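K.L.:
mmCIF, C-alpha atoms and all ligand atoms, saved as final.cif, coming up:
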```cif
data_entry
#
loop_
_atom_site.label_atom_id
_atom_site.label_comp_id
_atom_site.auth_asym_id
_atom_site.auth_seq_id
_atom_site.Cartn_x
_atom_site.Cartn_y
_atom_site.Cartn_z
CA MET A 1 0.00 0.00 0.00
CA TYR A 2 2.77 2.42 1.10
CA GLN A 3 4.87 1.40 -1.91
CA ALA A 4 1.91 2.02 -4.21
CA LEU A 5 1.43 5.47 -2.72
CA ILE A 6 5.11 6.33 -3.28
CA ILE A 7 4.96 5.11 -6.88
CA SER A 8 1.81 7.12 -7.59
CA PHE A 9 3.43 10.21 -6.00
CA MET A 10 6.58 9.77 -8.07
CA SER A 11 4.56 9.62 -11.27
CA LYS A 12 3.28 13.11 -10.57
CA ILE A 13 4.91 15.98 -12.41
CA TYR A 14 6.52 18.69 -10.30
CA LEU A 15 6.82 22.02 -12.10
CA ASP A 16 6.93 24.31 -9.07
CA ASN A 17 10.68 24.62 -8.58
CA ALA A 18 10.47 28.35 -7.88
CA ALA A 19 8.47 27.46 -4.76
CA THR A 20 10.95 24.84 -3.63
CA THR A 21 13.17 22.11 -5.03
CA ARG A 22 13.77 18.46 -4.29
CA LEU A 23 16.71 17.81 -1.96
CA ASP A 24 19.73 16.46 -3.84
CA GLU A 25 20.73 13.04 -2.45
CA ALA A 26 24.38 14.10 -2.19
CA VAL A 27 23.22 16.99 0.00
CA LEU A 28 21.30 14.62 2.26
CA GLU A 29 24.42 12.46 2.57
CA ALA A 30 26.51 15.45 3.56
CA MET A 31 23.93 16.44 6.18
CA LEU A 32 23.33 13.04 7.77
CA PRO A 33 26.44 12.90 10.00
CA TYR A 34 25.32 16.21 11.55
CA LEU A 35 21.95 14.68 12.42
CA THR A 36 23.60 11.67 14.03
CA ASP A 37 27.22 11.33 15.18
CA ASN A 38 28.33 14.96 14.92
CA PHE A 39 25.76 16.37 17.30
CA GLY A 40 27.90 18.74 19.39
CA ASN A 41 26.86 22.33 20.02
CA PRO A 42 29.18 24.50 17.92
CA SER A 43 29.49 26.96 20.83
CA SER A 44 30.90 24.27 23.14
CA ILE A 45 34.64 24.39 23.54
CA HIS A 46 35.16 20.65 23.90
CA ALA A 47 36.00 18.28 21.01
CA HIS A 48 32.35 17.55 20.08
CA GLY A 49 31.66 21.27 19.79
CA ARG A 50 34.89 22.17 18.03
CA GLN A 51 34.32 19.54 15.36
CA VAL A 52 30.93 21.05 14.48
CA ARG A 53 32.23 24.64 14.71
CA ASN A 54 34.92 23.72 12.17
CA ALA A 55 32.30 22.29 9.83
CA ILE A 56 30.20 25.49 10.01
CA GLU A 57 33.22 27.67 9.32
CA LYS A 58 34.19 25.41 6.42
CA ALA A 59 30.65 25.81 5.03
CA ARG A 60 30.92 29.60 5.39
CA LYS A 61 34.23 29.55 3.53
CA THR A 62 32.69 27.44 0.76
CA VAL A 63 29.74 29.82 0.30
CA ALA A 64 32.02 32.88 0.40
CA GLY A 65 34.42 31.34 -2.12
CA LEU A 66 31.63 30.52 -4.56
CA ILE A 67 30.27 34.08 -4.64
CA ASN A 68 33.71 35.72 -4.41
CA ALA A 69 33.15 37.24 -0.98
CA SER A 70 35.01 37.04 2.30
CA PRO A 71 33.80 34.48 4.90
CA SER A 72 33.33 37.38 7.33
CA GLU A 73 30.67 38.75 4.96
CA ILE A 74 28.46 35.62 5.12
CA PHE A 75 25.78 35.21 7.83
CA PHE A 76 23.61 32.10 7.98
CA THR A 77 19.88 32.69 8.51
CA SER A 78 16.64 30.69 8.54
CA GLY A 79 16.08 31.43 4.85
CA GLY A 80 15.44 34.16 2.31
CA THR A 81 12.77 35.99 4.30
CA GLU A 82 14.95 36.44 7.38
CA ALA A 83 17.92 37.49 5.27
CA ASP A 84 15.81 40.13 3.45
CA ASN A 85 14.36 41.39 6.74
CA THR A 86 17.82 41.62 8.31
CA ALA A 87 19.28 43.56 5.39
CA ILE A 88 16.35 46.00 5.24
CA HIS A 89 15.94 46.60 8.97
CA GLY A 90 19.68 46.68 9.58
CA SER A 91 20.43 49.21 6.86
CA ILE A 92 17.48 51.48 7.69
CA HIS A 93 18.24 51.49 11.42
CA SER A 94 21.98 51.87 11.34
CA LEU A 95 23.04 53.53 8.10
CA GLY A 96 20.95 56.67 8.57
CA LEU A 97 18.57 55.96 5.70
CA THR A 98 15.22 57.78 5.64
CA HIS A 99 13.89 56.70 2.27
CA ALA A 100 13.58 53.43 0.37
CA ILE A 101 12.94 52.61 -3.26
CA THR A 102 11.49 49.30 -4.35
CA SER A 103 9.13 47.93 -7.00
CA ARG A 104 5.57 46.62 -6.81
CA THR A 105 6.69 43.24 -8.14
CA GLU A 106 9.04 42.38 -5.27
CA HIS A 107 8.50 39.32 -3.08
CA HIS A 108 6.45 39.98 0.07
CA ALA A 109 9.58 39.33 2.16
CA VAL A 110 10.73 42.73 0.86
CA LEU A 111 7.45 44.54 0.15
CA HIS A 112 5.74 43.83 3.47
CA THR A 113 8.91 44.67 5.41
CA LEU A 114 9.30 48.04 3.70
CA GLU A 115 5.57 48.81 3.87
CA ASP A 116 5.62 48.14 7.60
CA LEU A 117 8.57 50.50 8.07
CA ALA A 118 6.75 53.16 6.04
CA LYS A 119 3.52 52.64 8.01
CA ASN A 120 5.44 53.17 11.23
CA GLU A 121 6.99 56.32 9.77
CA LYS A 122 10.53 55.01 9.90
CA ILE A 123 10.99 55.71 6.18
CA LYS A 124 9.33 57.25 3.15
CA LEU A 125 8.75 54.62 0.48
CA SER A 126 8.79 55.11 -3.29
CA TYR A 127 8.03 52.61 -6.04
CA VAL A 128 10.09 52.70 -9.21
CA GLN A 129 8.14 52.74 -12.47
CA LEU A 130 7.85 49.53 -14.48
CA ASP A 131 7.23 49.08 -18.19
CA GLU A 132 4.36 46.93 -19.48
CA LYS A 133 6.51 43.79 -19.23
CA GLY A 134 7.47 44.57 -15.63
CA HIS A 135 11.01 45.79 -16.30
CA ILE A 136 12.45 48.46 -14.02
CA ASP A 137 12.70 51.96 -15.48
CA LEU A 138 16.32 52.81 -14.61
CA ASP A 139 15.87 56.49 -15.55
CA ASP A 140 13.04 56.71 -13.03
CA LEU A 141 15.30 55.06 -10.43
CA ALA A 142 17.94 57.75 -11.05
CA THR A 143 15.30 60.50 -10.81
CA LEU A 144 14.01 59.12 -7.52
CA LEU A 145 17.54 58.89 -6.13
CA GLN A 146 18.37 62.43 -7.24
CA SER A 147 15.61 63.87 -5.09
CA ASN A 148 16.09 61.35 -2.24
CA PRO A 149 19.67 61.03 -1.11
CA LYS A 150 20.20 58.56 1.75
CA SER A 151 18.03 55.88 0.19
CA LEU A 152 17.90 52.13 0.42
CA VAL A 153 17.33 50.60 -3.01
CA SER A 154 15.76 47.15 -2.75
CA LEU A 155 15.27 45.52 -6.13
CA MET A 156 15.29 41.81 -6.81
CA HIS A 157 17.52 40.00 -9.30
CA GLY A 158 15.08 37.42 -10.70
CA ASN A 159 11.34 37.69 -10.21
CA ASN A 160 9.84 34.56 -8.67
CA GLU A 161 6.54 34.86 -10.57
CA ILE A 162 7.25 36.30 -14.00
CA GLY A 163 10.96 35.49 -14.18
CA ASN A 164 12.12 38.98 -15.20
CA LEU A 165 15.85 39.49 -14.63
CA SER A 166 17.22 42.85 -13.56
CA ASN A 167 20.71 44.16 -14.25
CA LEU A 168 22.42 44.14 -10.84
CA TYR A 169 25.53 45.85 -12.18
CA GLU A 170 23.55 48.78 -13.61
CA ILE A 171 21.42 49.22 -10.49
CA ALA A 172 24.51 49.04 -8.28
CA LYS A 173 26.22 51.67 -10.44
CA ILE A 174 23.26 54.05 -10.26
CA SER A 175 22.89 53.45 -6.50
CA LYS A 176 26.58 54.18 -5.89
CA LYS A 177 26.41 57.35 -7.99
CA TYR A 178 23.79 58.79 -5.63
CA GLY A 179 25.29 57.35 -2.43
CA ALA A 180 22.45 54.85 -1.91
CA ILE A 181 22.69 51.39 -0.34
CA PHE A 182 21.63 48.54 -2.64
CA HIS A 183 19.98 45.36 -1.37
CA SER A 184 18.93 42.72 -3.87
CA ASP A 185 16.69 39.74 -3.19
CA THR A 186 18.67 37.12 -5.11
CA VAL A 187 16.73 34.12 -3.79
CA GLN A 188 15.69 32.98 -7.28
CA THR A 189 19.10 33.39 -8.92
CA MET A 190 21.38 32.06 -6.16
CA GLY A 191 22.66 28.67 -7.30
CA HIS A 192 21.31 29.21 -10.83
CA TYR A 193 23.43 32.18 -11.95
CA PRO A 194 26.99 33.03 -10.91
CA HIS A 195 27.33 35.83 -8.35
CA ASP A 196 30.56 37.75 -7.93
CA MET A 197 30.41 40.11 -4.99
CA GLN A 198 33.73 41.76 -5.78
CA ALA A 199 32.50 42.76 -9.22
CA THR A 200 28.78 43.48 -8.74
CA GLY A 201 28.90 46.28 -6.18
CA VAL A 202 25.75 45.19 -4.31
CA ASP A 203 25.68 45.88 -0.56
CA PHE A 204 23.40 43.01 0.49
CA ILE A 205 22.32 39.83 -1.28
CA VAL A 206 20.53 36.73 0.01
CA GLY A 207 20.17 33.02 -0.64
CA ALA A 208 17.75 30.26 0.41
CA ALA A 209 19.05 26.67 0.21
CA HIS A 210 15.70 25.09 -0.69
CA LYS A 211 15.65 26.94 -4.02
CA PHE A 212 18.78 25.10 -5.19
CA HIS A 213 18.19 21.54 -3.99
CA GLY A 214 19.27 22.18 -0.42
CA PRO A 215 17.23 21.86 2.78
CA LYS A 216 14.38 24.15 3.83
CA GLY A 217 14.70 26.61 6.70
CA VAL A 218 18.24 27.77 6.03
CA GLY A 219 19.67 30.63 4.00
CA PHE A 220 22.31 33.28 4.14
CA LEU A 221 22.85 37.00 3.98
CA TYR A 222 25.90 38.58 2.38
CA ILE A 223 26.77 41.92 3.94
CA ASN A 224 29.47 43.92 2.20
CA SER A 225 32.20 44.52 4.80
CA GLU A 226 31.85 48.30 4.40
CA ASN A 227 28.37 48.16 5.91
CA LYS A 228 28.01 47.60 9.63
CA ILE A 229 24.53 46.72 10.83
CA PRO A 230 23.27 45.72 14.28
CA PRO A 231 22.18 42.18 15.27
CA PHE A 232 18.72 41.21 14.11
CA ILE A 233 18.25 38.45 16.66
CA HIS A 234 19.65 39.18 20.11
CA GLY A 235 20.98 36.33 22.19
CA GLY A 236 24.22 34.41 22.17
CA SER A 237 27.30 35.31 20.21
CA GLN A 238 26.55 33.05 17.24
CA GLU A 239 27.18 34.36 13.73
CA ARG A 240 29.68 36.83 15.16
CA ASN A 241 27.06 38.35 17.47
CA MET A 242 24.69 39.07 14.58
CA ARG A 243 22.19 36.25 15.07
CA GLY A 244 21.75 34.71 18.47
CA GLY A 245 20.62 31.09 18.74
CA THR A 246 22.21 27.68 18.25
CA GLU A 247 22.95 27.23 14.58
CA ASN A 248 20.94 25.03 12.21
CA VAL A 249 24.05 22.92 11.78
CA TYR A 250 22.84 20.25 9.33
CA GLY A 251 21.00 22.96 7.38
CA ILE A 252 24.16 25.02 7.01
CA ILE A 253 26.16 21.96 5.95
CA GLY A 254 23.43 21.11 3.42
CA LEU A 255 23.29 24.68 2.11
CA ALA A 256 27.03 24.77 1.41
CA LYS A 257 26.98 21.35 -0.26
CA ALA A 258 23.95 22.30 -2.39
CA LEU A 259 25.57 25.56 -3.50
CA GLU A 260 28.79 23.73 -4.32
CA ILE A 261 26.91 21.26 -6.54
CA ALA A 262 24.89 24.08 -8.10
CA TYR A 263 28.04 25.95 -9.10
CA GLN A 264 29.82 22.78 -10.29
CA ASP A 265 26.97 21.82 -12.61
CA MET A 266 25.55 25.27 -13.39
CA ASN A 267 26.15 25.29 -17.14
CA LYS A 268 24.96 21.71 -17.62
CA HIS A 269 21.78 22.36 -15.66
CA ARG A 270 21.17 25.67 -17.37
CA LEU A 271 21.35 24.06 -20.83
CA HIS A 272 19.02 21.25 -19.75
CA ILE A 273 16.46 23.52 -18.07
CA GLU A 274 16.56 26.19 -20.79
CA ALA A 275 15.76 23.50 -23.37
CA LEU A 276 12.76 22.41 -21.29
CA LYS A 277 11.47 25.97 -21.07
CA LEU A 278 11.87 26.46 -24.81
CA ARG A 279 10.12 23.14 -25.45
CA MET A 280 7.18 24.27 -23.37
CA ILE A 281 6.95 27.67 -25.08
CA GLU A 282 7.01 26.05 -28.54
CA GLY A 283 4.67 23.24 -27.49
CA LEU A 284 2.09 25.66 -26.11
CA LYS A 285 2.32 28.01 -29.08
CA ASN A 286 1.74 25.07 -31.44
CA SER A 287 -1.19 23.59 -29.56
CA ILE A 288 -3.14 26.40 -27.90
CA PRO A 289 -4.30 29.29 -30.08
CA GLY A 290 -4.14 32.60 -28.23
CA VAL A 291 -1.64 31.47 -25.60
CA GLU A 292 0.48 34.33 -24.24
CA PHE A 293 3.21 34.69 -21.62
CA ASN A 294 3.17 37.09 -18.68
CA GLY A 295 5.99 39.52 -17.95
CA ASP A 296 9.11 38.82 -19.94
CA SER A 297 9.12 35.13 -19.11
CA ALA A 298 9.08 33.94 -22.74
CA ASN A 299 12.25 35.88 -23.49
CA LEU A 300 15.13 33.50 -22.78
CA ASP A 301 17.72 36.31 -22.66
CA THR A 302 16.03 38.52 -20.10
CA SER A 303 14.19 36.10 -17.82
CA LEU A 304 15.03 33.26 -15.44
CA TYR A 305 15.49 30.02 -17.38
CA THR A 306 13.65 28.32 -14.53
CA VAL A 307 10.35 30.25 -14.79
CA LEU A 308 7.59 30.47 -17.42
CA ASN A 309 4.40 32.36 -16.61
CA VAL A 310 1.71 31.24 -19.03
CA SER A 311 -1.43 33.21 -19.85
CA LEU A 312 -4.13 30.93 -21.26
CA PRO A 313 -7.19 32.18 -23.18
CA PRO A 314 -10.30 33.18 -21.20
CA SER A 315 -12.45 30.20 -20.25
CA ASP A 316 -15.25 29.44 -17.77
CA ASP A 317 -12.99 26.82 -16.19
CA ASN A 318 -10.03 29.13 -15.57
CA GLU A 319 -10.84 29.49 -11.88
CA MET A 320 -10.40 25.72 -11.60
CA LEU A 321 -7.24 25.60 -13.72
CA LEU A 322 -4.72 24.80 -10.98
CA PHE A 323 -7.16 22.33 -9.46
CA ASN A 324 -7.70 20.60 -12.81
CA LEU A 325 -3.95 20.35 -13.37
CA ASP A 326 -3.51 18.98 -9.86
CA ILE A 327 -6.13 16.31 -10.62
CA LYS A 328 -4.04 15.36 -13.65
CA GLY A 329 -0.99 14.98 -11.38
CA ILE A 330 0.69 18.25 -12.33
CA SER A 331 1.96 20.54 -9.56
CA CYS A 332 2.46 24.16 -10.55
CA SER A 333 1.34 27.50 -9.17
CA GLY A 334 -0.04 30.87 -10.14
CA GLY A 335 -3.55 32.09 -9.87
CA SER A 336 -5.33 35.25 -10.76
CA ALA A 337 -4.08 38.77 -10.27
CA CYS A 338 -5.34 40.27 -7.03
CA THR A 339 -7.65 43.13 -7.69
CA SER A 340 -8.72 44.03 -4.17
CA GLY A 341 -7.17 43.92 -0.74
CA THR A 342 -9.32 40.99 0.29
CA GLU A 343 -8.83 38.74 -2.71
CA VAL A 344 -5.84 36.47 -2.44
CA GLY A 345 -3.97 36.49 -5.72
CA SER A 346 -0.78 37.61 -7.35
CA HIS A 347 0.27 41.17 -6.54
CA VAL A 348 2.89 40.81 -9.29
CA LEU A 349 0.34 40.07 -12.03
CA ALA A 350 -1.89 42.82 -10.61
CA ALA A 351 1.02 45.31 -10.85
CA LEU A 352 1.35 44.40 -14.54
CA GLY A 353 -2.40 44.83 -15.13
CA VAL A 354 -2.77 41.23 -16.27
CA ASP A 355 -6.24 40.17 -17.44
CA ASN A 356 -7.94 38.20 -14.66
CA LYS A 357 -10.22 36.34 -17.09
CA ARG A 358 -7.24 34.55 -18.60
CA GLY A 359 -5.77 31.46 -16.98
CA ASN A 360 -2.46 32.49 -15.46
CA VAL A 361 -0.14 29.71 -14.39
CA ARG A 362 3.49 29.70 -13.35
CA PHE A 363 5.50 26.67 -14.40
CA SER A 364 8.98 26.52 -12.91
CA PHE A 365 11.57 23.99 -13.97
CA GLY A 366 14.44 22.20 -12.31
CA LYS A 367 17.26 19.79 -13.03
CA TYR A 368 15.11 16.72 -12.33
CA ASN A 369 12.44 17.59 -14.92
CA THR A 370 12.38 15.82 -18.29
CA ALA A 371 11.26 16.57 -21.84
CA GLU A 372 8.59 13.84 -21.49
CA GLU A 373 7.13 15.68 -18.52
CA ILE A 374 6.94 18.92 -20.50
CA ASP A 375 5.16 17.10 -23.36
CA SER A 376 2.66 15.60 -20.89
CA VAL A 377 1.88 19.01 -19.42
CA VAL A 378 1.43 20.58 -22.86
CA GLY A 379 -0.85 17.66 -23.76
CA ALA A 380 -2.87 18.11 -20.57
CA LEU A 381 -3.32 21.82 -21.23
CA LYS A 382 -4.35 21.10 -24.81
CA GLN A 383 -7.14 18.88 -23.49
CA LEU A 384 -8.36 21.71 -21.25
CA TYR A 385 -8.39 24.37 -24.04
C1 LIG B 1 12.21 36.05 -4.52
C2 LIG B 1 12.01 35.43 -3.19
N1 LIG B 1 12.38 36.09 -2.09
C3 LIG B 1 12.25 35.56 -0.86
C4 LIG B 1 11.69 34.32 -0.69
C5 LIG B 1 11.55 33.76 0.69
O1 LIG B 1 12.48 32.74 0.94
P1 LIG B 1 12.27 31.71 2.16
O2 LIG B 1 11.07 30.90 1.81
O3 LIG B 1 13.52 30.92 2.20
O4 LIG B 1 12.07 32.52 3.39
C6 LIG B 1 11.27 33.59 -1.80
C7 LIG B 1 10.61 32.26 -1.65
O5 LIG B 1 9.63 31.97 -2.29
C8 LIG B 1 11.43 34.15 -3.09
O6 LIG B 1 11.05 33.50 -4.20
#
```
Please render this file's structure as structure tokens.
P.N.:
Amino acid sequence: MYQALIISFMSKIYLDNAATTRLDEAVLEAMLPYLTDNFGNPSSIHAHGRQVRNAIEKARKTVAGLINASPSEIFFTSGGTEADNTAIHGSIHSLGLTHAITSRTEHHAVLHTLEDLAKNEKIKLSYVQLDEKGHIDLDDLATLLQSNPKSLVSLMHGNNEIGNLSNLYEIAKISKKYGAIFHSDTVQTMGHYPHDMQATGVDFIVGAAHKFHGPKGVGFLYINSENKIPPFIHGGSQERNMRGGTENVYGIIGLAKALEIAYQDMNKHRLHIEALKLRMIEGLKNSIPGVEFNGDSANLDTSLYTVLNVSLPPSDDNEMLLFNLDIKGISCSGGSACTSGTEVGSHVLAALGVDNKRGNVRFSFGKYNTAEEIDSVVGALKQLY
């Protein structure tokens, strides 16, 4: 019975890799000793503790090396949300910033944090203009910075819903020109695109292990050594006094291993996943008249190769679209644009003015997906339209 359940689960198609990814078995193997034999508290000074402390510091060195940063610039967190919150709160509170600039298509980890600070009158908040595809208007960013010195710029690298990529180098250059601090939510690009902190000029970036085949509940924050911010979680002296609390040891070990694998195999995975995305775009165009793509997600050069946001023609069944796909064994996400404060939907699609009558679905791909799976999903959608 249990075996049958596992087999039926495995035959399901998982195209929701922007939400989370399957743990790589090599990552699990690296973590297991820290769930069993190597159980010491890294703050303990005896041999059990020292052994685990060394492993954490080795993991920090690995992460730093991969993104060309210094180990002293890497702080482990509980994930992307905590890292974003730490960067935003820390920079606003300690770097004398009174104004922040963001966009309406950011993840809620950024938007809700900044909106809360604005509501409590800690900052003034401005939203940079977007074009009809959701791309940031860099001239508007410069204009906003001109009239608001002492700003925090918080703009993501890859959008988790529509896949749009922003140019970190350009935004960092503009931010520097006006003396602003630049934080970028890089959760969707970490482990999928190379990051070079010496070259990019970003003040804060973040990562979440579960987006690149690592464990859930662990991430990291990179803080450029020129920026000093206060602790976000008060307590013990862990993470060099920045984040009190006994470390998520096996999570940290898993994160470093997952990022190592991601960097090792980045080009191979990119080619594989990009081909799947292209196959889906072509397959849908050939089988569903009137299919469109939200944001810039159909443009392979300017969007995440892992994300495709599909806009299907209006239909009476569109409200049931995700449900119908789930029934067919296909896991993906999306939903309608939210049009009022009470309706739960996508604030990103709403910001783009996407038509709610169309069926909007986000498919997101990973290294374990296959061409056969893409063909099955295209076939399933064809049956529905
Ligand atoms: C762009 C982006 N930022 C932040 C987060 C939050 O990360 P976590 O779930 O690790 O807190 C996510 C996760 O969906 C994301 O896609």
K.L.:
To box ligand LIG 1 (chain B), take all atoms listed in the file, fit an axis-aligned box, add 8 Å on each side, and give centre and edge lengths in Å to one decimal, as lines of an AutoDock Vina configuration file.
P.N.:
```
center_x = 11.6
center_y = 33.5
center_z = -0.6
size_x = 19.9
size_y = 21.2
size_z = 23.9
```
K.L.:
Measuring atom to atom with all atoms listed in the file, identify which of A:Pro33, A:Gly214, A:Gly40, A:Gly49 is nearest to ligand LIG 1 (chain B).
P.N.:
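Between A:Pro33, A:Gly214, A:Gly40, A:Gly49, the residue approaching ligand LIG 1 (chain B) most closely is A:Gly214.
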K.L.:
Smallest atom-to-atom distance to Ala18 in chain A: which of A:His210, A:Lys357, A:Lys228, A:Arg240, using all atoms listed in the file?
P.N.:
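Nearest to Ala18 in chain A: A:His210.
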K.L.:
Please identify every polymer residue within 9 Å of ligand LIG 1 (chain B), using all atoms listed in the file, and present the set as a PyMOL selection string.
P.N.:
chain A and resi 18-20+78-84+106-110+156-161+185-189+206-211+216-219
K.L.:
Show me as an MDAnalysis selection string the residues that reach within 12 Å of (32.5, 39.9, 8.7), counting only C-alpha atoms and using the file's own coordinates.
P.N.:
chainID A and resid 60:61 64 69:76 221:229 239:242
K.L.:
Quick one: pull the distance between CA of Gly236 in chain A and CA of Ala55 in chain A, Å, one decimal.
P.N.:
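Between these atoms lies a distance of 19.1 Å.
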